[in-house]
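A.B. asks: So I've got this file, coords-v5.cif, and it contains mmCIF, C-alpha atoms and all ligand atoms:
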data_upload
loop_
_atom_site.label_atom_id
_atom_site.label_comp_id
_atom_site.auth_asym_id
_atom_site.auth_seq_id
_atom_site.Cartn_x
_atom_site.Cartn_y
_atom_site.Cartn_z
CA MET A 1 -32.51 2.91 -13.19
CA THR A 2 -28.88 3.37 -14.12
CA ILE A 3 -26.50 6.26 -13.72
CA ALA A 4 -23.75 6.85 -16.24
CA ILE A 5 -20.31 7.26 -14.74
CA LEU A 6 -17.55 8.69 -16.85
CA THR A 7 -14.28 7.32 -15.66
CA ARG A 8 -10.89 6.18 -16.78
CA TYR A 9 -9.43 2.79 -16.29
CA GLY A 10 -5.93 1.49 -16.60
CA SER A 11 -4.14 -1.12 -18.61
CA PHE A 12 -0.56 -2.24 -18.70
CA ASN A 13 1.16 -1.41 -21.95
CA GLU A 14 3.76 -4.12 -22.48
CA ASN A 15 5.55 -2.22 -25.24
CA SER A 16 6.31 0.86 -23.19
CA SER A 17 6.16 -0.91 -19.80
CA GLN A 18 4.00 1.93 -18.54
CA PHE A 19 0.55 2.09 -17.08
CA ASP A 20 -1.91 3.73 -19.39
CA LEU A 21 -4.73 5.34 -17.45
CA THR A 22 -5.99 7.54 -20.21
CA THR A 23 -8.61 5.28 -21.78
CA ILE A 24 -12.02 6.81 -21.35
CA GLY A 25 -14.93 4.52 -20.69
CA VAL A 26 -18.55 4.93 -19.66
CA ARG A 27 -19.44 2.90 -16.59
CA THR A 28 -22.84 2.30 -15.11
CA MET A 29 -24.21 1.42 -11.72
CA THR A 30 -27.67 0.56 -10.59
CA ASN A 31 -28.99 2.59 -7.69
CA ASP A 32 -31.98 0.45 -6.82
CA ASN A 33 -30.62 -0.50 -3.40
CA ILE A 34 -28.61 2.58 -2.39
CA ARG A 35 -29.23 3.41 1.24
CA HIS A 36 -26.12 3.98 3.38
CA GLU A 37 -25.15 7.54 4.24
CA ALA A 38 -21.51 8.33 4.94
CA THR A 39 -19.05 11.18 5.15
CA ALA A 40 -16.23 10.91 2.65
CA ALA A 41 -13.14 13.04 2.04
CA ILE A 42 -13.24 13.69 -1.68
CA ALA A 43 -10.19 14.50 -3.79
CA ARG A 44 -11.52 16.94 -6.40
CA ASP A 45 -8.42 18.84 -7.44
CA PRO A 46 -4.73 18.02 -6.87
CA SER A 47 -4.04 21.55 -5.68
CA GLU A 48 -6.98 21.74 -3.25
CA PRO A 49 -7.51 20.11 0.15
CA LEU A 50 -9.76 17.05 0.33
CA THR A 51 -13.33 18.13 1.10
CA PHE A 52 -15.61 16.38 3.59
CA GLU A 53 -18.94 15.66 1.93
CA GLN A 54 -22.00 13.49 2.41
CA VAL A 55 -22.20 10.50 0.07
CA THR A 56 -24.39 7.44 -0.33
CA LEU A 57 -23.19 3.85 -0.57
CA GLN A 58 -25.03 0.88 -1.98
CA SER A 59 -25.72 -2.21 0.02
CA PRO A 60 -23.03 -4.83 -0.47
CA ARG A 61 -23.37 -7.33 -3.27
CA ALA A 62 -23.30 -11.07 -2.58
CA ASP A 63 -19.47 -11.18 -2.40
CA GLU A 64 -19.01 -7.84 -0.61
CA VAL A 65 -19.17 -6.40 2.88
CA LEU A 66 -20.25 -3.00 4.16
CA ILE A 67 -17.83 -1.71 6.77
CA LYS A 68 -17.93 1.08 9.33
CA ILE A 69 -14.46 2.53 8.96
CA VAL A 70 -12.76 3.14 12.32
CA ALA A 71 -9.37 4.28 11.04
CA SER A 72 -7.32 4.58 7.90
CA GLY A 73 -3.61 4.84 7.35
CA ILE A 74 -2.20 7.21 4.74
CA CYS A 75 0.19 5.67 2.26
CA HIS A 76 2.52 7.28 -0.27
CA THR A 77 0.32 5.90 -3.06
CA ASP A 78 -2.61 8.02 -1.82
CA LEU A 79 -0.45 11.08 -2.46
CA VAL A 80 0.81 9.81 -5.82
CA CYS A 81 -2.82 9.46 -6.93
CA LEU A 82 -4.00 12.72 -5.34
CA TYR A 83 -1.26 14.63 -7.15
CA GLN A 84 -2.00 12.72 -10.39
CA GLU A 85 1.50 11.30 -10.77
CA LEU A 86 -0.53 8.14 -11.23
CA PRO A 87 -3.58 9.72 -12.85
CA VAL A 88 -6.69 8.24 -11.29
CA PRO A 89 -10.06 9.78 -12.25
CA LEU A 90 -11.00 12.70 -9.99
CA PRO A 91 -13.13 13.39 -8.09
CA MET A 92 -12.30 10.27 -6.13
CA VAL A 93 -12.38 9.02 -2.57
CA LEU A 94 -8.87 7.75 -1.82
CA GLY A 95 -7.62 5.80 1.22
CA HIS A 96 -6.46 2.19 1.11
CA GLU A 97 -5.39 1.22 4.61
CA GLY A 98 -8.81 0.99 6.16
CA ALA A 99 -9.75 -0.84 9.36
CA GLY A 100 -13.25 -1.17 10.69
CA ILE A 101 -16.23 -3.22 11.75
CA VAL A 102 -18.47 -5.27 9.47
CA VAL A 103 -21.99 -3.80 9.31
CA GLU A 104 -23.47 -6.04 6.64
CA ALA A 105 -22.15 -9.05 4.76
CA GLY A 106 -23.35 -10.14 1.32
CA SER A 107 -25.30 -13.38 0.91
CA ALA A 108 -22.31 -15.36 -0.42
CA VAL A 109 -19.89 -14.23 2.31
CA LYS A 110 -19.26 -17.19 4.59
CA ASP A 111 -16.53 -16.19 7.02
CA LEU A 112 -17.49 -12.61 7.93
CA SER A 113 -20.41 -11.43 10.06
CA PRO A 114 -21.67 -8.11 11.40
CA GLY A 115 -19.48 -7.02 14.32
CA ASP A 116 -16.31 -8.67 13.03
CA HIS A 117 -13.16 -6.55 13.09
CA VAL A 118 -11.47 -6.30 9.71
CA VAL A 119 -8.45 -4.77 8.00
CA LEU A 120 -8.83 -3.85 4.34
CA SER A 121 -6.13 -4.48 1.76
CA PHE A 122 -5.78 -4.33 -2.03
CA ASN A 123 -8.35 -5.94 -4.29
CA SER A 124 -7.92 -8.62 -6.97
CA CYS A 125 -10.08 -10.61 -9.38
CA GLY A 126 -9.67 -14.06 -7.87
CA GLU A 127 -9.71 -15.81 -11.23
CA CYS A 128 -6.56 -14.97 -13.20
CA PRO A 129 -3.39 -17.12 -13.08
CA SER A 130 -1.73 -14.82 -10.50
CA CYS A 131 -4.74 -14.95 -8.21
CA GLU A 132 -4.96 -18.72 -8.62
CA HIS A 133 -1.32 -18.98 -7.55
CA GLU A 134 -2.05 -16.90 -4.42
CA LEU A 135 -0.10 -13.92 -5.74
CA PRO A 136 -3.02 -11.50 -6.01
CA SER A 137 -0.84 -8.38 -6.06
CA TYR A 138 0.06 -9.37 -9.64
CA CYS A 139 -3.60 -9.80 -10.59
CA TYR A 140 -4.04 -9.38 -14.32
CA ASP A 141 -6.81 -6.89 -13.54
CA PHE A 142 -5.01 -5.12 -10.71
CA MET A 143 -5.42 -1.63 -12.18
CA GLU A 144 -9.13 -2.03 -12.87
CA ASN A 145 -9.76 -3.46 -9.41
CA ASN A 146 -7.80 -0.85 -7.49
CA PHE A 147 -7.43 2.41 -9.42
CA SER A 148 -10.37 2.76 -11.82
CA GLY A 149 -12.84 4.38 -9.40
CA CYS A 150 -15.30 1.53 -9.76
CA ARG A 151 -15.49 -2.23 -9.40
CA GLY A 152 -13.52 -4.44 -11.77
CA ASP A 153 -16.71 -5.02 -13.78
CA GLY A 154 -17.17 -1.28 -14.27
CA THR A 155 -19.98 -0.64 -11.79
CA GLY A 156 -19.74 2.04 -9.12
CA THR A 157 -20.26 1.87 -5.35
CA MET A 158 -20.77 5.49 -4.29
CA GLU A 159 -22.84 8.45 -5.35
CA GLN A 160 -23.78 11.97 -4.28
CA ASN A 161 -26.99 13.81 -5.17
CA GLY A 162 -27.66 11.41 -8.02
CA GLU A 163 -24.16 11.72 -9.45
CA ALA A 164 -21.50 9.07 -9.28
CA VAL A 165 -18.39 9.62 -7.17
CA ASN A 166 -15.33 7.59 -8.10
CA ALA A 167 -14.59 5.24 -5.20
CA ASN A 168 -13.61 1.60 -4.63
CA PHE A 169 -9.97 2.79 -4.52
CA PHE A 170 -7.98 -0.37 -3.68
CA GLY A 171 -11.36 -2.03 -3.31
CA GLN A 172 -12.30 0.22 -0.39
CA SER A 173 -11.89 4.07 -0.49
CA SER A 174 -11.27 4.23 3.25
CA PHE A 175 -11.09 8.03 3.61
CA ALA A 176 -14.75 7.79 4.57
CA THR A 177 -16.89 6.70 7.51
CA MET A 178 -18.26 3.71 5.56
CA ALA A 179 -16.85 1.55 2.79
CA ILE A 180 -17.84 -1.32 0.56
CA ALA A 181 -15.12 -3.93 0.12
CA ASN A 182 -14.90 -7.28 -1.60
CA VAL A 183 -14.55 -10.37 0.54
CA ARG A 184 -11.18 -10.93 -1.18
CA ASN A 185 -9.63 -7.78 0.28
CA THR A 186 -11.32 -7.93 3.68
CA VAL A 187 -9.19 -9.57 6.36
CA LYS A 188 -10.78 -10.69 9.63
CA VAL A 189 -8.58 -9.80 12.61
CA ARG A 190 -8.51 -10.37 16.36
CA LYS A 191 -10.76 -8.19 18.48
CA ASP A 192 -8.36 -7.75 21.39
CA LEU A 193 -6.07 -5.30 19.59
CA PRO A 194 -7.08 -1.74 18.67
CA LEU A 195 -8.33 -1.52 15.09
CA GLU A 196 -6.82 1.94 14.67
CA MET A 197 -3.38 0.46 15.18
CA LEU A 198 -3.95 -2.38 12.70
CA ALA A 199 -4.99 -0.15 9.78
CA PRO A 200 -1.53 0.29 8.18
CA LEU A 201 -1.09 -3.47 7.89
CA GLY A 202 -3.27 -3.37 4.77
CA CYS A 203 -0.62 -1.79 2.54
CA GLY A 204 2.57 -0.09 3.76
CA VAL A 205 3.54 -2.41 6.59
CA GLN A 206 2.53 -5.51 4.64
CA THR A 207 4.58 -4.35 1.67
CA GLY A 208 7.79 -3.86 3.63
CA ALA A 209 7.48 -6.99 5.73
CA GLY A 210 6.28 -9.11 2.82
CA THR A 211 9.22 -8.09 0.66
CA VAL A 212 11.57 -9.59 3.24
CA LEU A 213 9.49 -12.56 4.42
CA ASN A 214 7.63 -13.59 1.25
CA SER A 215 9.38 -12.27 -1.84
CA LEU A 216 13.05 -12.54 -0.92
CA SER A 217 12.87 -15.26 1.75
CA VAL A 218 15.60 -13.48 3.69
CA THR A 219 17.11 -15.65 6.38
CA VAL A 220 19.60 -15.58 9.22
CA ALA A 221 22.92 -13.84 8.50
CA ASN A 222 21.83 -12.45 5.13
CA SER A 223 23.13 -8.91 4.71
CA MET A 224 20.78 -6.16 3.61
CA ALA A 225 20.71 -2.50 2.63
CA ILE A 226 17.38 -0.67 2.81
CA PHE A 227 17.20 2.55 0.80
CA GLY A 228 14.47 4.67 2.36
CA GLY A 229 13.47 4.63 6.04
CA GLY A 230 9.76 5.40 5.71
CA ALA A 231 6.93 3.08 6.73
CA VAL A 232 7.74 0.47 4.08
CA GLY A 233 11.50 0.54 4.68
CA LEU A 234 11.23 0.36 8.47
CA SER A 235 8.66 -2.45 8.22
CA ALA A 236 11.19 -4.30 6.07
CA LEU A 237 13.84 -3.61 8.73
CA MET A 238 11.64 -5.08 11.49
CA ALA A 239 10.96 -8.17 9.36
CA ALA A 240 14.67 -8.52 8.58
CA LYS A 241 15.48 -8.41 12.30
CA LEU A 242 12.76 -10.95 12.92
CA VAL A 243 14.47 -13.52 10.68
CA GLY A 244 17.97 -12.69 11.88
CA ALA A 245 19.34 -10.82 8.86
CA ASP A 246 22.73 -9.37 9.68
CA PRO A 247 24.19 -6.84 9.08
CA ILE A 248 21.44 -4.39 8.07
CA VAL A 249 22.18 -0.92 6.70
CA VAL A 250 19.50 1.77 6.35
CA VAL A 251 20.08 4.70 3.98
CA GLU A 252 17.82 7.60 4.95
CA PRO A 253 18.25 11.39 4.81
CA LEU A 254 15.99 12.28 7.79
CA ALA A 255 17.81 12.18 11.14
CA ASP A 256 14.83 11.10 13.26
CA ARG A 257 14.18 8.18 10.93
CA ARG A 258 17.82 7.12 11.09
CA ALA A 259 17.59 7.25 14.89
CA LEU A 260 14.44 5.11 14.86
CA ALA A 261 16.10 2.66 12.45
CA LEU A 262 18.93 2.20 14.94
CA GLU A 263 16.42 1.66 17.77
CA LEU A 264 14.64 -0.95 15.67
CA GLY A 265 17.88 -2.84 15.15
CA ALA A 266 19.71 -1.47 12.13
CA ASP A 267 23.46 -2.08 12.44
CA HIS A 268 24.42 1.00 10.42
CA VAL A 269 22.61 4.07 9.12
CA ILE A 270 23.81 6.36 6.37
CA ASP A 271 22.73 9.91 5.57
CA PRO A 272 23.03 9.87 1.76
CA PHE A 273 23.66 13.61 1.69
CA ALA A 274 26.48 13.41 4.21
CA VAL A 275 28.69 10.96 2.31
CA GLU A 276 30.37 11.32 -1.04
CA ASN A 277 29.35 7.92 -2.39
CA VAL A 278 26.62 5.83 -0.75
CA VAL A 279 27.67 2.59 -2.46
CA GLU A 280 31.29 2.98 -1.39
CA GLU A 281 30.12 3.73 2.14
CA ILE A 282 28.06 0.53 2.24
CA LYS A 283 31.01 -1.48 0.91
CA LYS A 284 33.30 0.09 3.48
CA LEU A 285 30.89 -0.74 6.32
CA VAL A 286 29.74 -4.24 5.36
CA GLY A 287 31.45 -5.18 2.09
CA GLY A 288 28.31 -5.19 -0.06
CA VAL A 289 24.97 -6.89 0.63
CA ASP A 290 23.01 -9.99 -0.31
CA PHE A 291 19.77 -8.00 -0.61
CA SER A 292 19.12 -4.35 -1.40
CA LEU A 293 15.64 -2.85 -1.12
CA GLU A 294 14.68 0.22 -3.16
CA MET A 295 11.87 1.98 -1.27
CA THR A 296 12.11 5.50 -2.72
CA GLY A 297 11.07 5.19 -6.38
CA ILE A 298 14.00 7.41 -7.35
CA PRO A 299 15.91 6.06 -10.39
CA ALA A 300 19.34 7.23 -9.16
CA VAL A 301 18.74 5.41 -5.87
CA ALA A 302 17.75 2.25 -7.77
CA SER A 303 21.14 2.35 -9.51
CA GLN A 304 22.89 2.60 -6.14
CA CYS A 305 20.77 -0.27 -4.90
CA VAL A 306 22.04 -2.57 -7.67
CA ALA A 307 25.63 -1.41 -7.26
CA ALA A 308 25.61 -2.18 -3.52
CA LEU A 309 25.00 -5.92 -4.13
CA LYS A 310 27.50 -8.69 -3.62
CA PRO A 311 27.78 -11.29 -6.40
CA LEU A 312 24.51 -13.28 -6.61
CA GLY A 313 22.71 -10.56 -4.66
CA THR A 314 19.14 -9.47 -5.34
CA CYS A 315 17.83 -5.93 -5.66
CA ALA A 316 14.12 -5.47 -4.93
CA LEU A 317 12.35 -2.52 -6.55
CA VAL A 318 9.48 -1.69 -4.18
CA GLY A 319 9.00 2.09 -4.06
CA ALA A 320 6.34 3.50 -6.38
CA ALA A 321 7.99 5.59 -9.09
CA PRO A 322 6.65 8.02 -11.69
CA ALA A 323 5.13 6.12 -14.62
CA ASP A 324 8.03 6.99 -16.96
CA ALA A 325 10.88 6.37 -14.49
CA GLU A 326 13.62 4.12 -15.88
CA VAL A 327 16.96 2.86 -14.66
CA SER A 328 19.89 1.77 -16.81
CA ILE A 329 22.04 -1.22 -15.93
CA ASN A 330 25.34 -2.46 -17.27
CA ILE A 331 24.65 -5.82 -18.91
CA MET A 332 28.12 -7.30 -18.46
CA GLU A 333 28.19 -6.27 -14.83
CA MET A 334 24.89 -8.06 -14.26
CA LEU A 335 26.12 -11.13 -16.16
CA ALA A 336 29.42 -11.36 -14.40
CA THR A 337 27.98 -11.00 -10.91
CA GLY A 338 24.81 -13.09 -11.28
CA ARG A 339 22.82 -10.29 -9.71
CA LYS A 340 19.04 -10.19 -9.89
CA ILE A 341 16.61 -7.29 -9.99
CA VAL A 342 13.01 -8.00 -9.06
CA GLY A 343 9.92 -5.78 -8.92
CA ILE A 344 7.62 -6.36 -5.96
CA VAL A 345 4.05 -5.24 -5.27
CA GLU A 346 2.49 -5.47 -1.79
CA GLY A 347 5.23 -7.79 -0.58
CA ASP A 348 3.83 -10.74 -2.58
CA ALA A 349 1.28 -11.01 0.21
CA GLU A 350 -1.94 -12.96 0.28
CA PRO A 351 -3.45 -10.51 2.79
CA ARG A 352 -5.93 -12.91 4.39
CA THR A 353 -3.12 -15.11 5.68
CA PHE A 354 -0.21 -12.66 5.89
CA ILE A 355 -1.87 -9.88 7.91
CA PRO A 356 -3.00 -12.23 10.73
CA GLN A 357 0.56 -13.61 10.74
CA LEU A 358 2.02 -10.11 11.18
CA ILE A 359 -0.42 -9.49 14.04
CA GLU A 360 0.85 -12.64 15.76
CA TYR A 361 4.45 -11.40 15.38
CA TYR A 362 3.39 -8.07 16.89
CA ASP A 363 1.71 -9.86 19.78
CA GLU A 364 4.90 -11.82 20.44
CA GLY A 365 6.84 -8.54 20.64
CA ARG A 366 8.80 -9.35 17.49
CA PHE A 367 7.29 -6.84 15.07
CA PRO A 368 6.61 -3.47 16.80
CA PHE A 369 5.06 -1.70 13.81
CA ASP A 370 2.99 0.53 16.12
CA ARG A 371 6.15 2.58 16.64
CA LEU A 372 5.73 4.03 13.15
CA ILE A 373 2.22 5.43 13.74
CA ASP A 374 0.96 8.97 14.51
CA PHE A 375 -2.78 9.39 15.02
CA PHE A 376 -4.88 12.27 13.67
CA PRO A 377 -8.63 12.90 13.90
CA PHE A 378 -10.49 12.31 10.62
CA GLU A 379 -11.22 16.05 10.45
CA ALA A 380 -7.46 16.64 10.29
CA LEU A 381 -7.00 14.35 7.27
CA ASN A 382 -5.51 17.14 5.17
CA GLU A 383 -2.92 17.84 7.88
CA ALA A 384 -2.18 14.12 8.04
CA VAL A 385 -1.71 13.99 4.26
CA GLU A 386 0.67 16.92 4.53
CA ALA A 387 2.58 15.21 7.34
CA GLN A 388 2.97 12.14 5.12
CA GLY A 389 4.15 14.24 2.22
CA ASN A 390 6.72 16.32 4.07
CA GLY A 391 8.07 13.44 6.12
CA GLN A 392 6.92 14.74 9.53
CA SER A 393 5.04 11.52 10.14
CA ILE A 394 6.21 8.08 9.10
CA LYS A 395 2.74 6.55 9.15
CA PRO A 396 -0.16 8.90 9.81
CA VAL A 397 -3.43 7.19 10.72
CA VAL A 398 -6.75 9.06 10.87
CA ARG A 399 -9.43 7.97 13.36
CA MET A 400 -13.05 8.23 12.31
CA GLY A 401 -14.67 7.88 15.72
ZN ZN B 501 -6.60 -11.74 -10.64
ZN ZN B 502 -0.25 1.83 -0.18
#
Can you present the structure in this file as structure tokens?

C.D. replies:
Amino acid sequence: MTIAILTRYGSFNENSSQFDLTTIGVRTMTNDNIRHEATAAIARDPSEPLTFEQVTLQSPRADEVLIKIVASGICHTDLVCLYQELPVPLPMVLGHEGAGIVVEAGSAVKDLSPGDHVVLSFNSCGECPSCEHELPSYCYDFMENNFSGCRGDGTGTMEQNGEAVNANFFGQSSFATMAIANVRNTVKVRKDLPLEMLAPLGCGVQTGAGTVLNSLSVTVANSMAIFGGGAVGLSALMAAKLVGADPIVVVEPLADRRALALELGADHVIDPFAVENVVEEIKKLVGGVDFSLEMTGIPAVASQCVAALKPLGTCALVGAAPADAEVSINIMEMLATGRKIVGIVEGDAEPRTFIPQLIEYYDEGRFPFDRLIDFFPFEALNEAVEAQGNGQSIKPVVRMG
């Protein structure tokens, strides 16, 4: 028996450089082996709270695992999708920083067993040139595998009363008590650290740290300006300190985040609303920077990010922006200074090796990412989403048990 699922899936339009998520397709899933009950927080309407509802998950396929979710972080991208700035098909179960315990592993899964502790990250196809080069965050099928509401092959993983519910968000949909994930986005982690603390490693923390450690290969005495002191920006700051970058400037409007940035080792912090010209302020303090990191997704901030660079400096665009956001650059200025601008997704991380590495840094006391986290009960997920949106919490994490 099959169930028709009406959903939308994305493609990258090279002409307009925008994601097109408007294509309508009919997807199917078999329900012959559905049997796992779970509670999921379903996003039905951008203007309504998420609703807690009973759903049913299939058993995992050969290359998948069924996971009891213990905790999930809330990332800015969850909000971007909830509010349809990136229009995923609703109703959908969001959540993409899941951590939990393996309940069942598919027949082809070799390195995961029931009882293993895992952190979930983004999904990828495993076969395209990017995946083959261990850069899965640039997977040619990234949109289909992470935002379409179903698996990359178009089949669904979750249903309710005989009707399909869009899930498999980032290969997981972790705003639920159970999830199905692919072995490619399931990362086995140590059991001696609390899973609830490790959840944000799957996206936000990995993105910030990976930008510094993987993408830019920042090293000792490199200067850096980080625009945006949220979870991604402060994770980048911790990674920059770890490799000895110096000096580091953090530009952030919220006072408590500037204070935390200083505690985590920033040399200077700037309130962008308290100075006349942020770029001039950076030049006055440190004379320009080798690396600037754009974590806000705001085009005007991206322009400042480029302008703050020294000759031969690199600007990293990391913050998710509205689909039509653009930034203009002066060609001769770029030519004459040898500057670079690079877009970065998920810190160029291969999660199965990078996340265990970050955990080792944490264990050595060199990467205290737990300082960013506030815990909420799962029932308070809507409050946690609000706290993410209004800046009250840098990294809210909901606990399922
Ligand atoms: Zn791929
Ligand atoms: Zn994210």

A.B. asks: For ligand ZN 501 (chain B), which residue out of A:Ala231, A:Cys131, A:Val118, A:Val55 is the nearest one, using only C-alpha atoms and all ligand atoms?

C.D. replies: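 Smallest distance to ligand ZN 501 (chain B) is found for A:Cys131.
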
A.B. asks: Please, which residues have at least one atom within 6 Å of an atom of ligand ZN 502 (chain B), using only C-alpha atoms and all ligand atoms, listed as a ChimeraX atom specification?

C.D. replies: /A:75,77,203-204

A.B. asks: What do you get as a PyMOL selection string if you pick all residues at most 10 Å from ligand ZN 501 (chain B), counting only C-alpha atoms and all ligand atoms?

C.D. replies: chain A and resi 123-142+145

A.B. asks: Counting only C-alpha atoms, which residues sit no farther than 10 Å from the position (-9.4, 14.6, -2.0) in the file's frame? I'd like them as an NGL selection string.

C.D. replies: :A and (40-52 or 78-79 or 81-83 or 90-95 or 175 or 381-382 or 385)

A.B. asks: Write to file, as a PDB file, in the frame of the given file, the residues of the selection just made, with C-alpha atoms.

C.D. replies:
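File selection22.pdb, as written:
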ATOM      1  CA  ALA A  40     -16.230  10.910   2.650  1.00  0.00           C
ATOM      2  CA  ALA A  41     -13.140  13.040   2.040  1.00  0.00           C
ATOM      3  CA  ILE A  42     -13.240  13.690  -1.680  1.00  0.00           C
ATOM      4  CA  ALA A  43     -10.190  14.500  -3.790  1.00  0.00           C
ATOM      5  CA  ARG A  44     -11.520  16.940  -6.400  1.00  0.00           C
ATOM      6  CA  ASP A  45      -8.420  18.840  -7.440  1.00  0.00           C
ATOM      7  CA  PRO A  46      -4.730  18.020  -6.870  1.00  0.00           C
ATOM      8  CA  SER A  47      -4.040  21.550  -5.680  1.00  0.00           C
ATOM      9  CA  GLU A  48      -6.980  21.740  -3.250  1.00  0.00           C
ATOM     10  CA  PRO A  49      -7.510  20.110   0.150  1.00  0.00           C
ATOM     11  CA  LEU A  50      -9.760  17.050   0.330  1.00  0.00           C
ATOM     12  CA  THR A  51     -13.330  18.130   1.100  1.00  0.00           C
ATOM     13  CA  PHE A  52     -15.610  16.380   3.590  1.00  0.00           C
ATOM     14  CA  ASP A  78      -2.610   8.020  -1.820  1.00  0.00           C
ATOM     15  CA  LEU A  79      -0.450  11.080  -2.460  1.00  0.00           C
ATOM     16  CA  CYS A  81      -2.820   9.460  -6.930  1.00  0.00           C
ATOM     17  CA  LEU A  82      -4.000  12.720  -5.340  1.00  0.00           C
ATOM     18  CA  TYR A  83      -1.260  14.630  -7.150  1.00  0.00           C
ATOM     19  CA  LEU A  90     -11.000  12.700  -9.990  1.00  0.00           C
ATOM     20  CA  PRO A  91     -13.130  13.390  -8.090  1.00  0.00           C
ATOM     21  CA  MET A  92     -12.300  10.270  -6.130  1.00  0.00           C
ATOM     22  CA  VAL A  93     -12.380   9.020  -2.570  1.00  0.00           C
ATOM     23  CA  LEU A  94      -8.870   7.750  -1.820  1.00  0.00           C
ATOM     24  CA  GLY A  95      -7.620   5.800   1.220  1.00  0.00           C
ATOM     25  CA  PHE A 175     -11.090   8.030   3.610  1.00  0.00           C
ATOM     26  CA  LEU A 381      -7.000  14.350   7.270  1.00  0.00           C
ATOM     27  CA  ASN A 382      -5.510  17.140   5.170  1.00  0.00           C
ATOM     28  CA  VAL A 385      -1.710  13.990   4.260  1.00  0.00           C
TER      29      VAL A 385
END

A.B. asks: Compare A:Thr56, A:Thr157, A:Ser148, A:Asn185 by their minimum atom-to-atom distance to A:Leu120, counting all atoms listed in the file, and give me the closest one.

C.D. replies: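 Under the stated criterion, the closest residue is A:Asn185.
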
A.B. asks: Compute the distance from (22.3, -2.1, -13.6) to each atom, counting all atoms listed in the file, keep the residues with any atom at most 10 Å away, and return them as a list in words; use the coordinates of the file.

C.D. replies: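 Within 10 Å of (22.3, -2.1, -13.6), the protein and nucleic acid residues are Ala302, Ser303, Gln304, Cys305, Val306, Ala307, Cys315, Val327, Ser328, Ile329, Asn330, Ile331, Met332, Glu333, Met334, Arg339, Lys340 and Ile341 of chain A.
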
A.B. asks: Find the distance between atom CA of A:Gly73 and atom CA of A:Leu112 and write it in Å to one decimal.

C.D. replies: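 These two atoms are separated by 22.3 Å.
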
A.B. asks: Point out the residue among A:Pro247, A:Pro253, A:Gly401, A:Gly313 with the least atom-to-atom distance to A:Thr39, counting only C-alpha atoms.

C.D. replies: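 When distances to A:Thr39 are compared using only C-alpha atoms, the smallest one comes from A:Gly401.
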
A.B. asks: Find the residues near stretch 348-357 of chain A: any atom within 10 Å, counting only C-alpha atoms, skip ones fewer than 3 places away on the same chain, and give them as JSON, numbers by chain.

C.D. replies: {"A": [119, 120, 121, 122, 123, 131, 133, 134, 135, 136, 137, 138, 183, 184, 185, 186, 187, 188, 189, 190, 198, 201, 202, 203, 205, 206, 207, 209, 210, 211, 212, 213, 214, 215, 216, 344, 345, 360, 361, 362, 363]}
